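What follows is a single structure, written as structure tokens, with notes after it.
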Amino acid sequence: MELLIDTAFNASGILSPDESHHCIKVMRHREGDQVFVTDGNGTLYTCRIVKADARGCQLNVESTEERPQRHQLHMAVAPTKNIDRFEWFVEKAVEFGVSRITPIVCRHSERTNLRTERLVRLAHAAAKQSLKCTLPQIDEPTAVADIIKQSAAAQRFILHCKDGDKPHLFNAATALGTSTVVLIGPEGDFSDDEIAMAAQNGFTAASLGPERLRTETAALAACHIINLRQEV
């Protein structure tokens, strides 16, 4: 199965110019071929090519299927100094089915800006490769205080390296089927004030175990753990 992503696609059956080019010139599909298209909002269209035009491929929609996300997972992660590492996280998080990614700006952040449009392109490519029918929301860099104060997720976690009695995230994340937000700080960790603010706003401090993990490793581990909690 090969997946095309067109956020404006509907029953009219006309692919966007970019996806038309990809379908005809890259995938080398021809009239009569069956193709699969998603609008990025959880709908999968099974289609047949009726006109193989690389500028506006015309499709006949044969059936539709709703494939909603099982869980709403919002990862709020401080971008790494080496942007390649953060981009790697974005790609892998999409494979796990994350619903929202917010690059957060913290007191100890070493990077406060990034090319959001590039992250969106990476997310689209990862969704195609992993056959995801829902694209994540990719936010502009946001102050961590705003996420802490505004999040309405049912489960709210902050992962930090400070000493203290913290439950493992796998044991703390028990409300299955609900929305979750996880905060992951920069290489220098969250400040004491940021941790205190999170606690005051309903965030639970949790751990990923005794080992110290890099930012992108911790973020991906959290994605995996939350997904696992949906299976057990």
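Ligands are numbered from 1 in the order shown, chains are lettered A, B, ... in the order of the structure tokens, and residues start at 1 in each chain.
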
Could you name the residues that touch stretch 68-85 of chain A at 8 Å or less, counting only C-alpha atoms, but leaving out those on the same chain fewer than 4 positions away, as an mmCIF file with N, CA, C and O atoms, in the first residue's frame?
```
data_model
loop_
_atom_site.group_PDB
_atom_site.id
_atom_site.type_symbol
_atom_site.label_atom_id
_atom_site.label_comp_id
_atom_site.auth_asym_id
_atom_site.auth_seq_id
_atom_site.Cartn_x
_atom_site.Cartn_y
_atom_site.Cartn_z
ATOM 1 N N ASN A 41 -6.863 14.032 8.106
ATOM 2 C CA ASN A 41 -7.764 14.185 9.240
ATOM 3 C C ASN A 41 -8.420 12.866 9.639
ATOM 4 O O ASN A 41 -9.455 12.854 10.300
ATOM 5 N N GLY A 42 -7.825 11.755 9.201
ATOM 6 C CA GLY A 42 -8.324 10.446 9.621
ATOM 7 C C GLY A 42 -9.176 9.721 8.603
ATOM 8 O O GLY A 42 -9.649 8.613 8.878
ATOM 9 N N THR A 43 -9.383 10.313 7.420
ATOM 10 C CA THR A 43 -10.187 9.657 6.390
ATOM 11 C C THR A 43 -9.270 9.058 5.324
ATOM 12 O O THR A 43 -8.384 9.735 4.805
ATOM 13 N N PHE A 89 13.491 13.253 15.954
ATOM 14 C CA PHE A 89 12.385 12.986 16.866
ATOM 15 C C PHE A 89 11.037 13.200 16.193
ATOM 16 O O PHE A 89 10.116 12.389 16.349
ATOM 17 N N GLY A 97 2.375 7.983 15.923
ATOM 18 C CA GLY A 97 1.016 8.493 15.891
ATOM 19 C C GLY A 97 0.752 9.664 16.815
ATOM 20 O O GLY A 97 -0.379 9.866 17.259
ATOM 21 N N VAL A 98 1.781 10.468 17.107
ATOM 22 C CA VAL A 98 1.582 11.648 17.940
ATOM 23 C C VAL A 98 0.604 12.599 17.253
ATOM 24 O O VAL A 98 0.576 12.704 16.029
ATOM 25 N N SER A 99 -0.217 13.288 18.028
ATOM 26 C CA SER A 99 -1.229 14.161 17.437
ATOM 27 C C SER A 99 -0.803 15.632 17.394
ATOM 28 O O SER A 99 -1.337 16.405 16.593
ATOM 29 N N ARG A 100 0.150 16.006 18.244
ATOM 30 C CA ARG A 100 0.583 17.418 18.255
ATOM 31 C C ARG A 100 2.019 17.496 18.771
ATOM 32 O O ARG A 100 2.371 16.785 19.730
ATOM 33 N N ILE A 101 2.821 18.340 18.142
ATOM 34 C CA ILE A 101 4.187 18.578 18.584
ATOM 35 C C ILE A 101 4.389 20.083 18.746
ATOM 36 O O ILE A 101 4.159 20.844 17.803
ATOM 37 N N THR A 102 4.796 20.484 19.929
ATOM 38 C CA THR A 102 5.086 21.891 20.197
ATOM 39 C C THR A 102 6.544 22.044 20.605
ATOM 40 O O THR A 102 6.955 21.508 21.635
ATOM 41 N N PRO A 103 7.348 22.754 19.826
ATOM 42 C CA PRO A 103 8.704 23.097 20.281
ATOM 43 C C PRO A 103 8.576 24.142 21.389
ATOM 44 O O PRO A 103 7.956 25.190 21.187
ATOM 45 N N ILE A 104 9.102 23.849 22.562
ATOM 46 C CA ILE A 104 8.938 24.772 23.687
ATOM 47 C C ILE A 104 10.239 25.522 23.983
ATOM 48 O O ILE A 104 11.335 25.005 23.830
ATOM 49 N N VAL A 105 10.060 26.773 24.392
ATOM 50 C CA VAL A 105 11.174 27.637 24.762
ATOM 51 C C VAL A 105 11.223 27.724 26.282
ATOM 52 O O VAL A 105 10.252 28.159 26.916
ATOM 53 N N CYS A 106 12.343 27.275 26.840
ATOM 54 C CA CYS A 106 12.511 27.217 28.293
ATOM 55 C C CYS A 106 13.652 28.136 28.731
ATOM 56 O O CYS A 106 14.387 28.677 27.909
ATOM 57 N N SER A 109 16.925 26.814 27.380
ATOM 58 C CA SER A 109 16.929 26.413 25.971
ATOM 59 C C SER A 109 18.184 26.909 25.262
ATOM 60 O O SER A 109 18.622 28.045 25.475
ATOM 61 N N GLU A 110 18.746 26.045 24.418
ATOM 62 C CA GLU A 110 19.883 26.432 23.588
ATOM 63 C C GLU A 110 19.451 26.785 22.173
ATOM 64 O O GLU A 110 20.247 27.276 21.382
ATOM 65 N N ARG A 111 18.201 26.520 21.841
ATOM 66 C CA ARG A 111 17.647 26.880 20.533
ATOM 67 C C ARG A 111 16.235 27.400 20.745
ATOM 68 O O ARG A 111 15.407 26.735 21.375
ATOM 69 N N THR A 112 15.964 28.590 20.212
ATOM 70 C CA THR A 112 14.644 29.203 20.400
ATOM 71 C C THR A 112 13.892 29.431 19.098
ATOM 72 O O THR A 112 12.756 29.890 19.122
ATOM 73 N N CYS A 133 -3.042 8.160 8.702
ATOM 74 C CA CYS A 133 -4.106 8.934 8.067
ATOM 75 C C CYS A 133 -4.408 10.244 8.794
ATOM 76 O O CYS A 133 -5.278 10.997 8.364
ATOM 77 N N THR A 134 -3.713 10.493 9.889
ATOM 78 C CA THR A 134 -3.890 11.746 10.620
ATOM 79 C C THR A 134 -2.543 12.438 10.753
ATOM 80 O O THR A 134 -1.588 11.852 11.274
ATOM 81 N N ILE A 147 2.243 26.652 27.510
ATOM 82 C CA ILE A 147 1.742 25.272 27.439
ATOM 83 C C ILE A 147 1.283 24.815 28.817
ATOM 84 O O ILE A 147 0.212 24.205 28.970
ATOM 85 N N GLY A 177 -7.148 5.974 26.814
ATOM 86 C CA GLY A 177 -8.143 6.533 25.913
ATOM 87 C C GLY A 177 -8.405 8.007 26.129
ATOM 88 O O GLY A 177 -9.347 8.560 25.566
ATOM 89 N N THR A 178 -7.597 8.672 26.945
ATOM 90 C CA THR A 178 -7.787 10.093 27.188
ATOM 91 C C THR A 178 -6.629 10.878 26.571
ATOM 92 O O THR A 178 -5.653 10.312 26.096
ATOM 93 N N SER A 179 -6.738 12.190 26.600
ATOM 94 C CA SER A 179 -5.693 13.031 26.031
ATOM 95 C C SER A 179 -4.526 13.163 27.010
ATOM 96 O O SER A 179 -4.709 13.159 28.227
ATOM 97 N N THR A 180 -3.317 13.279 26.436
ATOM 98 C CA THR A 180 -2.105 13.350 27.257
ATOM 99 C C THR A 180 -1.173 14.409 26.697
ATOM 100 O O THR A 180 -1.017 14.523 25.485
ATOM 101 N N VAL A 181 -0.535 15.171 27.582
ATOM 102 C CA VAL A 181 0.534 16.078 27.187
ATOM 103 C C VAL A 181 1.770 15.718 28.008
ATOM 104 O O VAL A 181 1.671 15.426 29.210
ATOM 105 N N VAL A 182 2.919 15.694 27.354
ATOM 106 C CA VAL A 182 4.183 15.384 28.022
ATOM 107 C C VAL A 182 5.173 16.503 27.729
ATOM 108 O O VAL A 182 5.401 16.855 26.566
ATOM 109 N N LEU A 183 5.771 17.057 28.780
ATOM 110 C CA LEU A 183 6.789 18.096 28.642
ATOM 111 C C LEU A 183 8.181 17.477 28.758
ATOM 112 O O LEU A 183 8.459 16.743 29.712
ATOM 113 N N ILE A 184 9.030 17.783 27.778
ATOM 114 C CA ILE A 184 10.418 17.333 27.775
ATOM 115 C C ILE A 184 11.299 18.573 27.657
ATOM 116 O O ILE A 184 11.177 19.341 26.699
ATOM 117 N N GLY A 185 12.210 18.750 28.591
ATOM 118 C CA GLY A 185 13.009 19.963 28.626
ATOM 119 C C GLY A 185 14.268 19.916 27.786
ATOM 120 O O GLY A 185 14.551 18.920 27.119
ATOM 121 N N PRO A 186 15.039 20.999 27.815
ATOM 122 C CA PRO A 186 16.281 21.094 27.038
ATOM 123 C C PRO A 186 17.404 20.309 27.702
ATOM 124 O O PRO A 186 17.223 19.713 28.777
ATOM 125 N N GLU A 187 18.601 20.348 27.076
ATOM 126 C CA GLU A 187 19.751 19.639 27.625
ATOM 127 C C GLU A 187 20.055 20.079 29.057
ATOM 128 O O GLU A 187 20.488 19.283 29.885
ATOM 129 N N THR A 215 17.519 14.656 25.103
ATOM 130 C CA THR A 215 16.172 15.212 24.928
ATOM 131 C C THR A 215 15.350 14.415 23.930
ATOM 132 O O THR A 215 14.212 14.008 24.218
ATOM 133 N N GLU A 216 15.892 14.185 22.729
ATOM 134 C CA GLU A 216 15.110 13.507 21.700
ATOM 135 C C GLU A 216 14.858 12.039 22.048
ATOM 136 O O GLU A 216 13.822 11.472 21.697
ATOM 137 N N ALA A 219 12.069 12.027 24.657
ATOM 138 C CA ALA A 219 10.785 12.342 24.019
ATOM 139 C C ALA A 219 10.230 11.141 23.272
ATOM 140 O O ALA A 219 9.029 10.834 23.350
ATOM 141 N N CYS A 223 6.792 8.830 23.961
ATOM 142 C CA CYS A 223 5.797 8.471 22.934
ATOM 143 C C CYS A 223 5.514 6.977 22.969
ATOM 144 O O CYS A 223 4.352 6.533 22.917
ATOM 145 N N ILE A 226 3.492 5.926 26.193
ATOM 146 C CA ILE A 226 2.076 6.288 26.116
ATOM 147 C C ILE A 226 1.335 5.369 25.150
ATOM 148 O O ILE A 226 0.201 4.940 25.422
ATOM 149 N N GLN A 230 -1.822 2.185 25.796
ATOM 150 C CA GLN A 230 -3.085 1.979 25.075
ATOM 151 C C GLN A 230 -3.311 0.517 24.723
ATOM 152 O O GLN A 230 -4.389 0.135 24.283
#
```

9 Å contact set for A:Leu220, only C-alpha atoms, chain neighbours under 5 positions out, as a PDB file with N, CA, C and O atoms, in the first residue's frame:
```
ATOM      1  N   PHE A  89      13.491  13.253  15.954  1.00  0.00           N
ATOM      2  CA  PHE A  89      12.385  12.986  16.866  1.00  0.00           C
ATOM      3  C   PHE A  89      11.037  13.200  16.193  1.00  0.00           C
ATOM      4  O   PHE A  89      10.116  12.389  16.349  1.00  0.00           O
ATOM      5  N   VAL A  90      10.898  14.291  15.455  1.00  0.00           N
ATOM      6  CA  VAL A  90       9.619  14.587  14.789  1.00  0.00           C
ATOM      7  C   VAL A  90       9.220  13.437  13.861  1.00  0.00           C
ATOM      8  O   VAL A  90       8.083  12.964  13.880  1.00  0.00           O
ATOM      9  N   LYS A  92      10.122  10.252  13.938  1.00  0.00           N
ATOM     10  CA  LYS A  92       9.788   9.028  14.675  1.00  0.00           C
ATOM     11  C   LYS A  92       8.500   9.188  15.472  1.00  0.00           C
ATOM     12  O   LYS A  92       7.719   8.235  15.609  1.00  0.00           O
ATOM     13  N   ALA A  93       8.249  10.380  16.011  1.00  0.00           N
ATOM     14  CA  ALA A  93       7.014  10.614  16.750  1.00  0.00           C
ATOM     15  C   ALA A  93       5.801  10.471  15.844  1.00  0.00           C
ATOM     16  O   ALA A  93       4.757   9.942  16.261  1.00  0.00           O
ATOM     17  N   PHE A  96       4.856   6.959  15.510  1.00  0.00           N
ATOM     18  CA  PHE A  96       4.142   6.474  16.685  1.00  0.00           C
ATOM     19  C   PHE A  96       2.713   7.014  16.755  1.00  0.00           C
ATOM     20  O   PHE A  96       1.924   6.567  17.584  1.00  0.00           O
ATOM     21  N   THR A 215      17.519  14.656  25.103  1.00  0.00           N
ATOM     22  CA  THR A 215      16.172  15.212  24.928  1.00  0.00           C
ATOM     23  C   THR A 215      15.350  14.415  23.930  1.00  0.00           C
ATOM     24  O   THR A 215      14.212  14.008  24.218  1.00  0.00           O
ATOM     25  N   ILE A 225       5.998   4.822  25.418  1.00  0.00           N
ATOM     26  CA  ILE A 225       5.334   4.405  26.652  1.00  0.00           C
ATOM     27  C   ILE A 225       3.840   4.724  26.618  1.00  0.00           C
ATOM     28  O   ILE A 225       3.001   3.888  26.979  1.00  0.00           O
TER      29      ILE A 225
END
```

**OP:** Skip A:Tyr45 itself and residues of its chain fewer than 5 positions away, then list as an MDAnalysis selection string all residues within 8 Å of it, counting only C-alpha atoms.
**Re:** chainID A and resid 36:38 61:65

Only all heavy atoms, please: the residues just picked out, written as an mmCIF file, in the first residue's frame.
```
data_model
loop_
_atom_site.group_PDB
_atom_site.id
_atom_site.type_symbol
_atom_site.label_atom_id
_atom_site.label_comp_id
_atom_site.auth_asym_id
_atom_site.auth_seq_id
_atom_site.Cartn_x
_atom_site.Cartn_y
_atom_site.Cartn_z
ATOM 1 N N PHE A 36 -4.357 5.068 -2.836
ATOM 2 C CA PHE A 36 -4.958 5.390 -1.541
ATOM 3 C C PHE A 36 -4.568 6.816 -1.156
ATOM 4 O O PHE A 36 -3.396 7.194 -1.239
ATOM 5 C CB PHE A 36 -4.483 4.407 -0.471
ATOM 6 C CG PHE A 36 -4.867 2.982 -0.760
ATOM 7 C CD1 PHE A 36 -4.005 2.160 -1.476
ATOM 8 C CD2 PHE A 36 -6.087 2.483 -0.337
ATOM 9 C CE1 PHE A 36 -4.353 0.845 -1.759
ATOM 10 C CE2 PHE A 36 -6.446 1.175 -0.622
ATOM 11 C CZ PHE A 36 -5.579 0.350 -1.331
ATOM 12 N N VAL A 37 -5.562 7.591 -0.736
ATOM 13 C CA VAL A 37 -5.367 9.004 -0.414
ATOM 14 C C VAL A 37 -5.964 9.283 0.962
ATOM 15 O O VAL A 37 -7.028 8.767 1.301
ATOM 16 C CB VAL A 37 -6.048 9.920 -1.453
ATOM 17 C CG1 VAL A 37 -5.740 11.384 -1.152
ATOM 18 C CG2 VAL A 37 -5.626 9.560 -2.870
ATOM 19 N N THR A 38 -5.261 10.100 1.748
ATOM 20 C CA THR A 38 -5.836 10.570 3.005
ATOM 21 C C THR A 38 -5.852 12.089 3.020
ATOM 22 O O THR A 38 -5.001 12.732 2.387
ATOM 23 C CB THR A 38 -5.054 10.054 4.226
ATOM 24 O OG1 THR A 38 -5.697 10.534 5.429
ATOM 25 C CG2 THR A 38 -3.614 10.519 4.215
ATOM 26 N N VAL A 61 -13.411 8.015 -6.514
ATOM 27 C CA VAL A 61 -13.402 7.513 -5.145
ATOM 28 C C VAL A 61 -14.308 6.290 -5.058
ATOM 29 O O VAL A 61 -15.516 6.377 -5.267
ATOM 30 C CB VAL A 61 -13.863 8.599 -4.148
ATOM 31 C CG1 VAL A 61 -13.901 8.043 -2.727
ATOM 32 C CG2 VAL A 61 -12.945 9.813 -4.213
ATOM 33 N N GLU A 62 -13.711 5.143 -4.741
ATOM 34 C CA GLU A 62 -14.458 3.891 -4.675
ATOM 35 C C GLU A 62 -15.003 3.606 -3.285
ATOM 36 O O GLU A 62 -16.065 2.998 -3.140
ATOM 37 C CB GLU A 62 -13.574 2.727 -5.140
ATOM 38 C CG GLU A 62 -13.130 2.869 -6.603
ATOM 39 C CD GLU A 62 -12.258 1.720 -7.057
ATOM 40 O OE1 GLU A 62 -11.605 1.081 -6.199
ATOM 41 O OE2 GLU A 62 -12.240 1.437 -8.271
ATOM 42 N N SER A 63 -14.281 4.032 -2.258
ATOM 43 C CA SER A 63 -14.752 3.816 -0.888
ATOM 44 C C SER A 63 -14.003 4.739 0.063
ATOM 45 O O SER A 63 -12.932 5.261 -0.269
ATOM 46 C CB SER A 63 -14.551 2.355 -0.451
ATOM 47 O OG SER A 63 -13.166 2.029 -0.395
ATOM 48 N N THR A 64 -14.573 4.964 1.221
ATOM 49 C CA THR A 64 -13.925 5.762 2.264
ATOM 50 C C THR A 64 -13.948 4.979 3.570
ATOM 51 O O THR A 64 -14.845 4.166 3.813
ATOM 52 C CB THR A 64 -14.628 7.115 2.473
ATOM 53 O OG1 THR A 64 -15.977 6.880 2.892
ATOM 54 C CG2 THR A 64 -14.614 7.935 1.204
ATOM 55 N N GLU A 65 -12.954 5.249 4.380
ATOM 56 C CA GLU A 65 -12.839 4.575 5.681
ATOM 57 C C GLU A 65 -12.310 5.577 6.691
ATOM 58 O O GLU A 65 -11.349 6.289 6.411
ATOM 59 C CB GLU A 65 -11.890 3.378 5.583
ATOM 60 C CG GLU A 65 -11.661 2.654 6.898
ATOM 61 C CD GLU A 65 -10.627 1.554 6.784
ATOM 62 O OE1 GLU A 65 -10.192 1.252 5.652
ATOM 63 O OE2 GLU A 65 -10.233 1.000 7.833
#
```

**OP:** Name the residues of stretch 33-156 of chain A that fall into strand (DSSP E) according to DSSP on the backbone, using the chain letters and numbers of this document, as a ChimeraX atom specification.
**Re:** /A:34-38,43-51,58-66,73-77,100-105,137-138,142-143,155-156

**OP:** Go through stretch 77-149 of chain A and collect every residue that DSSP, computed from the backbone, puts in helix (DSSP H, G or I); the answer should be as an MDAnalysis selection string.
**Re:** chainID A and resid 83:96 116:129 144:149

Any idea what's packed within 12 Å of A:Ala196, counting only C-alpha atoms, ignoring anything in its chain fewer than 5 positions away? Could you give it as a short mmCIF file (atom, residue, chain, number, x, y, z; two decimals) with C-alpha atoms, in the first residue's frame?
```cif
data_model
loop_
_atom_site.label_atom_id
_atom_site.label_comp_id
_atom_site.auth_asym_id
_atom_site.auth_seq_id
_atom_site.Cartn_x
_atom_site.Cartn_y
_atom_site.Cartn_z
CA ALA A 145 4.75 28.67 30.52
CA ILE A 148 1.72 24.70 31.19
CA ILE A 158 6.58 16.81 33.09
CA HIS A 160 12.83 16.20 34.47
CA LYS A 162 15.78 16.68 39.45
CA PHE A 190 13.75 22.59 33.26
CA SER A 191 14.39 25.31 35.82
CA ASN A 201 -1.07 23.61 37.10
CA GLY A 202 -1.83 19.91 37.50
CA PHE A 203 1.26 18.35 35.92
CA THR A 204 2.67 15.16 37.43
CA ALA A 205 6.45 14.82 37.58
#
```

**OP:** Would you mind reading off the distance between atom CA of A:Leu135 and atom CA of A:Cys57, one decimal, in Å?
**Re:**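 Value for the atom CA of A:Leu135-atom CA of A:Cys57 distance: 22.0 Å.
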
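Pairwise distance (atom CA of A:Asn60, atom CA of A:Ser12) equals 8.1 Å.
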
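With distances restricted to only C-alpha atoms, A:Leu44 is the closest residue to A:Arg67 from A:Ile49, A:Val144, A:Val26, A:Leu44.
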